[in-house]
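Each remark here refers to the structure printed beneath this line.
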Amino acid sequence: MAAPGWFQGIEGGRLAKYAGRFLMLVALAFIGREAHRHWADLSAWTPRPAQLVTVAGLAIAYGLALYLLVENWHRIVGLFAPETRARTYPSYTMTQIAKYLPGNIVHLLGRAAWLRGGGLSNRQLGQATLLEMAVVPAGAGLFLLLACLVVPLTALVPALAPAQPYVVPLAAALALAAL
């Protein structure tokens, strides 16, 4: 039995999955069109080995960063109801394409639609989404503050030199708040 909500009466949210697949095809068509449009520049590029190593390293770093985000989503959802990674990981990764099409809202709705019918109520899905929207920027801010412990603010923005003594206490406060 489907949970009440957006797609009541549609078994398993099939319409939502078909719509998501259609949007993914539209995105891939857009990427293909842009690649075709810039093919002359792309085909003339002959990367040096150092560039290939750099791109591979950046791809690995990006993948690891995404892993942290998807695991963060899994743990946030787990605060509200138990869900397996087999459901939460695809709910995050498969809806990422929606993040780049109409903006940064549809992927949030896509995750909620993906996880419908499981152990989470619509309210719990909404709460998990709001919590993620708070945790990810807070984590980024904490990372920046920690980076400021290594690279002084004066090196980044000289006008912020008077704020340097507050970086350590602010980083400690944010770390405690995050915990």
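Quick note on naming: the chains in the structure tokens go A, B, ... in the order shown, residues restart at 1 in each chain, and ligands are numbered from 1 in order of appearance.
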What's around range 122-126 of chain A at 7 Å? Count only C-alpha atoms, leave out sequence neighbours fewer than 4 positions away in its own chain, and write the answer as a list in words.
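That gives Phe80, Ala112 and Leu130 of chain A.
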Using only N, CA, C and O atoms, please write the residues we just selected to a file, as a PDB file, in the first residue's frame.
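selection-v2.pdb was written with the following content:
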```pdb
ATOM      1  N   PHE A  80      15.572   9.277  11.791  1.00  0.00           N
ATOM      2  CA  PHE A  80      14.115   9.306  11.813  1.00  0.00           C
ATOM      3  C   PHE A  80      13.495   7.917  11.709  1.00  0.00           C
ATOM      4  O   PHE A  80      12.457   7.671  12.309  1.00  0.00           O
ATOM      5  N   ALA A 112      12.961  12.485  -1.703  1.00  0.00           N
ATOM      6  CA  ALA A 112      11.760  12.166  -0.927  1.00  0.00           C
ATOM      7  C   ALA A 112      10.863  11.205  -1.710  1.00  0.00           C
ATOM      8  O   ALA A 112      10.344  10.237  -1.151  1.00  0.00           O
ATOM      9  N   LEU A 130      15.385  18.957   5.720  1.00  0.00           N
ATOM     10  CA  LEU A 130      15.728  20.228   6.373  1.00  0.00           C
ATOM     11  C   LEU A 130      17.007  20.104   7.193  1.00  0.00           C
ATOM     12  O   LEU A 130      17.844  21.005   7.188  1.00  0.00           O
TER      13      LEU A 130
END
```
Taking the DSSP assignment computed from this structure's backbone, write out as a ChimeraX atom specification all residues of range 51-123 of chain A that belong to helix (DSSP H, G or I).
/A:51-78,85-93,96-100,106-115,122-123
Near-Val135 in chain A list (12 Å; only C-alpha atoms; drop same-chain fewer than 2 positions) as an mmCIF file with all heavy atoms, in the first residue's frame:
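Output below, filename selection_3.cif:
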```cif
data_model
loop_
_atom_site.group_PDB
_atom_site.id
_atom_site.type_symbol
_atom_site.label_atom_id
_atom_site.label_comp_id
_atom_site.auth_asym_id
_atom_site.auth_seq_id
_atom_site.Cartn_x
_atom_site.Cartn_y
_atom_site.Cartn_z
ATOM 1 N N LEU A 69 28.976 12.919 1.436
ATOM 2 C CA LEU A 69 27.643 13.514 1.382
ATOM 3 C C LEU A 69 26.550 12.445 1.385
ATOM 4 O O LEU A 69 25.535 12.594 2.068
ATOM 5 C CB LEU A 69 27.508 14.410 0.153
ATOM 6 C CG LEU A 69 28.334 15.688 0.184
ATOM 7 C CD1 LEU A 69 28.264 16.401 -1.157
ATOM 8 C CD2 LEU A 69 27.887 16.598 1.303
ATOM 9 N N ASN A 72 26.356 10.963 4.766
ATOM 10 C CA ASN A 72 25.704 11.949 5.622
ATOM 11 C C ASN A 72 24.183 11.852 5.469
ATOM 12 O O ASN A 72 23.452 11.842 6.458
ATOM 13 C CB ASN A 72 26.199 13.349 5.252
ATOM 14 C CG ASN A 72 25.565 14.427 6.077
ATOM 15 O OD1 ASN A 72 25.618 14.399 7.294
ATOM 16 N ND2 ASN A 72 24.948 15.389 5.406
ATOM 17 N N TRP A 73 23.692 11.760 4.227
ATOM 18 C CA TRP A 73 22.257 11.629 3.975
ATOM 19 C C TRP A 73 21.724 10.344 4.617
ATOM 20 O O TRP A 73 20.666 10.353 5.255
ATOM 21 C CB TRP A 73 21.983 11.661 2.477
ATOM 22 C CG TRP A 73 20.555 11.353 2.113
ATOM 23 C CD1 TRP A 73 20.112 10.304 1.373
ATOM 24 C CD2 TRP A 73 19.389 12.109 2.453
ATOM 25 N NE1 TRP A 73 18.750 10.353 1.244
ATOM 26 C CE2 TRP A 73 18.277 11.456 1.902
ATOM 27 C CE3 TRP A 73 19.181 13.267 3.185
ATOM 28 C CZ2 TRP A 73 16.977 11.919 2.043
ATOM 29 C CZ3 TRP A 73 17.878 13.723 3.334
ATOM 30 C CH2 TRP A 73 16.794 13.059 2.764
ATOM 31 N N ARG A 75 22.833 8.717 7.196
ATOM 32 C CA ARG A 75 22.796 8.841 8.662
ATOM 33 C C ARG A 75 21.703 9.804 9.121
ATOM 34 O O ARG A 75 21.089 9.580 10.155
ATOM 35 C CB ARG A 75 24.159 9.258 9.186
ATOM 36 C CG ARG A 75 25.151 8.114 9.057
ATOM 37 C CD ARG A 75 26.542 8.507 9.452
ATOM 38 N NE ARG A 75 27.459 7.439 9.186
ATOM 39 C CZ ARG A 75 28.053 6.725 10.136
ATOM 40 N NH1 ARG A 75 27.825 6.968 11.393
ATOM 41 N NH2 ARG A 75 28.884 5.758 9.799
ATOM 42 N N ILE A 76 21.469 10.861 8.363
ATOM 43 C CA ILE A 76 20.386 11.780 8.709
ATOM 44 C C ILE A 76 19.046 11.060 8.621
ATOM 45 O O ILE A 76 18.219 11.153 9.531
ATOM 46 C CB ILE A 76 20.411 13.033 7.808
ATOM 47 C CG1 ILE A 76 21.566 13.946 8.210
ATOM 48 C CG2 ILE A 76 19.085 13.793 7.875
ATOM 49 C CD1 ILE A 76 21.784 15.115 7.279
ATOM 50 N N ALA A 128 14.246 15.207 7.602
ATOM 51 C CA ALA A 128 15.583 14.772 7.192
ATOM 52 C C ALA A 128 16.163 15.733 6.158
ATOM 53 O O ALA A 128 17.343 16.085 6.211
ATOM 54 C CB ALA A 128 15.531 13.349 6.639
ATOM 55 N N THR A 129 15.339 16.175 5.227
ATOM 56 C CA THR A 129 15.797 17.106 4.190
ATOM 57 C C THR A 129 16.196 18.447 4.810
ATOM 58 O O THR A 129 17.245 18.996 4.474
ATOM 59 C CB THR A 129 14.693 17.299 3.137
ATOM 60 O OG1 THR A 129 14.420 16.030 2.538
ATOM 61 C CG2 THR A 129 15.119 18.285 2.062
ATOM 62 N N LEU A 130 15.385 18.957 5.720
ATOM 63 C CA LEU A 130 15.728 20.228 6.373
ATOM 64 C C LEU A 130 17.007 20.104 7.193
ATOM 65 O O LEU A 130 17.844 21.005 7.188
ATOM 66 C CB LEU A 130 14.571 20.690 7.259
ATOM 67 C CG LEU A 130 13.335 21.178 6.513
ATOM 68 C CD1 LEU A 130 12.197 21.476 7.499
ATOM 69 C CD2 LEU A 130 13.645 22.397 5.672
ATOM 70 N N LEU A 131 17.166 18.965 7.871
ATOM 71 C CA LEU A 131 18.382 18.759 8.654
ATOM 72 C C LEU A 131 19.612 18.710 7.751
ATOM 73 O O LEU A 131 20.649 19.296 8.051
ATOM 74 C CB LEU A 131 18.268 17.484 9.492
ATOM 75 C CG LEU A 131 19.401 17.216 10.470
ATOM 76 C CD1 LEU A 131 19.593 18.377 11.431
ATOM 77 C CD2 LEU A 131 19.114 15.935 11.245
ATOM 78 N N GLU A 132 19.478 18.039 6.606
ATOM 79 C CA GLU A 132 20.609 17.997 5.669
ATOM 80 C C GLU A 132 20.936 19.399 5.162
ATOM 81 O O GLU A 132 22.106 19.761 5.030
ATOM 82 C CB GLU A 132 20.308 17.087 4.488
ATOM 83 C CG GLU A 132 21.494 17.004 3.545
ATOM 84 C CD GLU A 132 21.172 16.499 2.170
ATOM 85 O OE1 GLU A 132 20.009 16.537 1.761
ATOM 86 O OE2 GLU A 132 22.112 16.085 1.477
ATOM 87 N N MET A 133 19.911 20.191 4.905
ATOM 88 C CA MET A 133 20.129 21.547 4.413
ATOM 89 C C MET A 133 20.847 22.404 5.453
ATOM 90 O O MET A 133 21.488 23.394 5.097
ATOM 91 C CB MET A 133 18.796 22.182 4.002
ATOM 92 C CG MET A 133 18.217 21.556 2.747
ATOM 93 S SD MET A 133 16.522 22.071 2.379
ATOM 94 C CE MET A 133 16.733 23.806 2.110
ATOM 95 N N PRO A 137 25.915 22.911 4.919
ATOM 96 C CA PRO A 137 26.603 24.216 4.988
ATOM 97 C C PRO A 137 27.387 24.394 6.287
ATOM 98 O O PRO A 137 28.449 25.012 6.285
ATOM 99 C CB PRO A 137 25.469 25.241 4.887
ATOM 100 C CG PRO A 137 24.322 24.511 4.314
ATOM 101 C CD PRO A 137 24.484 23.080 4.714
ATOM 102 N N ALA A 138 26.849 23.859 7.393
ATOM 103 C CA ALA A 138 27.581 23.966 8.661
ATOM 104 C C ALA A 138 28.902 23.210 8.568
ATOM 105 O O ALA A 138 29.937 23.685 9.044
ATOM 106 C CB ALA A 138 26.740 23.424 9.813
ATOM 107 N N GLY A 139 28.884 22.044 7.941
ATOM 108 C CA GLY A 139 30.126 21.281 7.749
ATOM 109 C C GLY A 139 31.108 22.030 6.872
ATOM 110 O O GLY A 139 32.310 22.050 7.147
ATOM 111 N N ALA A 140 30.597 22.660 5.818
ATOM 112 C CA ALA A 140 31.477 23.445 4.944
ATOM 113 C C ALA A 140 32.065 24.626 5.703
ATOM 114 O O ALA A 140 33.257 24.924 5.581
ATOM 115 C CB ALA A 140 30.701 23.926 3.722
ATOM 116 N N GLY A 141 31.246 25.276 6.517
ATOM 117 C CA GLY A 141 31.746 26.395 7.317
ATOM 118 C C GLY A 141 32.787 25.952 8.320
ATOM 119 O O GLY A 141 33.810 26.618 8.514
ATOM 120 N N LEU A 142 32.551 24.798 8.942
ATOM 121 C CA LEU A 142 33.521 24.257 9.893
ATOM 122 C C LEU A 142 34.835 23.938 9.184
ATOM 123 O O LEU A 142 35.914 24.254 9.687
ATOM 124 C CB LEU A 142 32.960 23.007 10.570
ATOM 125 C CG LEU A 142 33.862 22.314 11.572
ATOM 126 C CD1 LEU A 142 34.237 23.246 12.712
ATOM 127 C CD2 LEU A 142 33.178 21.068 12.123
ATOM 128 N N LEU A 174 31.642 25.704 16.574
ATOM 129 C CA LEU A 174 30.965 25.029 15.465
ATOM 130 C C LEU A 174 31.145 23.510 15.550
ATOM 131 O O LEU A 174 30.220 22.764 15.252
ATOM 132 C CB LEU A 174 31.485 25.546 14.119
ATOM 133 C CG LEU A 174 30.670 26.637 13.466
ATOM 134 C CD1 LEU A 174 31.324 27.098 12.180
ATOM 135 C CD2 LEU A 174 29.258 26.206 13.203
ATOM 136 N N ALA A 175 32.334 23.072 15.936
ATOM 137 C CA ALA A 175 32.575 21.622 16.064
ATOM 138 C C ALA A 175 31.670 21.039 17.145
ATOM 139 O O ALA A 175 31.078 19.965 16.963
ATOM 140 C CB ALA A 175 34.040 21.362 16.386
ATOM 141 N N ALA A 177 28.792 22.289 18.158
ATOM 142 C CA ALA A 177 27.419 22.355 17.651
ATOM 143 C C ALA A 177 27.159 21.228 16.652
ATOM 144 O O ALA A 177 26.089 20.625 16.652
ATOM 145 C CB ALA A 177 27.167 23.712 17.002
ATOM 146 N N ALA A 178 28.159 20.937 15.800
ATOM 147 C CA ALA A 178 28.007 19.855 14.828
ATOM 148 C C ALA A 178 27.885 18.502 15.509
ATOM 149 O O ALA A 178 27.112 17.644 15.087
ATOM 150 C CB ALA A 178 29.169 19.858 13.845
ATOM 151 N N LEU A 179 28.636 18.311 16.593
ATOM 152 C CA LEU A 179 28.547 17.051 17.338
ATOM 153 C C LEU A 179 27.196 16.931 18.006
ATOM 154 O O LEU A 179 26.603 15.889 18.092
ATOM 155 C CB LEU A 179 29.658 16.962 18.377
ATOM 156 C CG LEU A 179 31.053 16.719 17.826
ATOM 157 C CD1 LEU A 179 32.088 16.780 18.948
ATOM 158 C CD2 LEU A 179 31.143 15.387 17.113
#
```
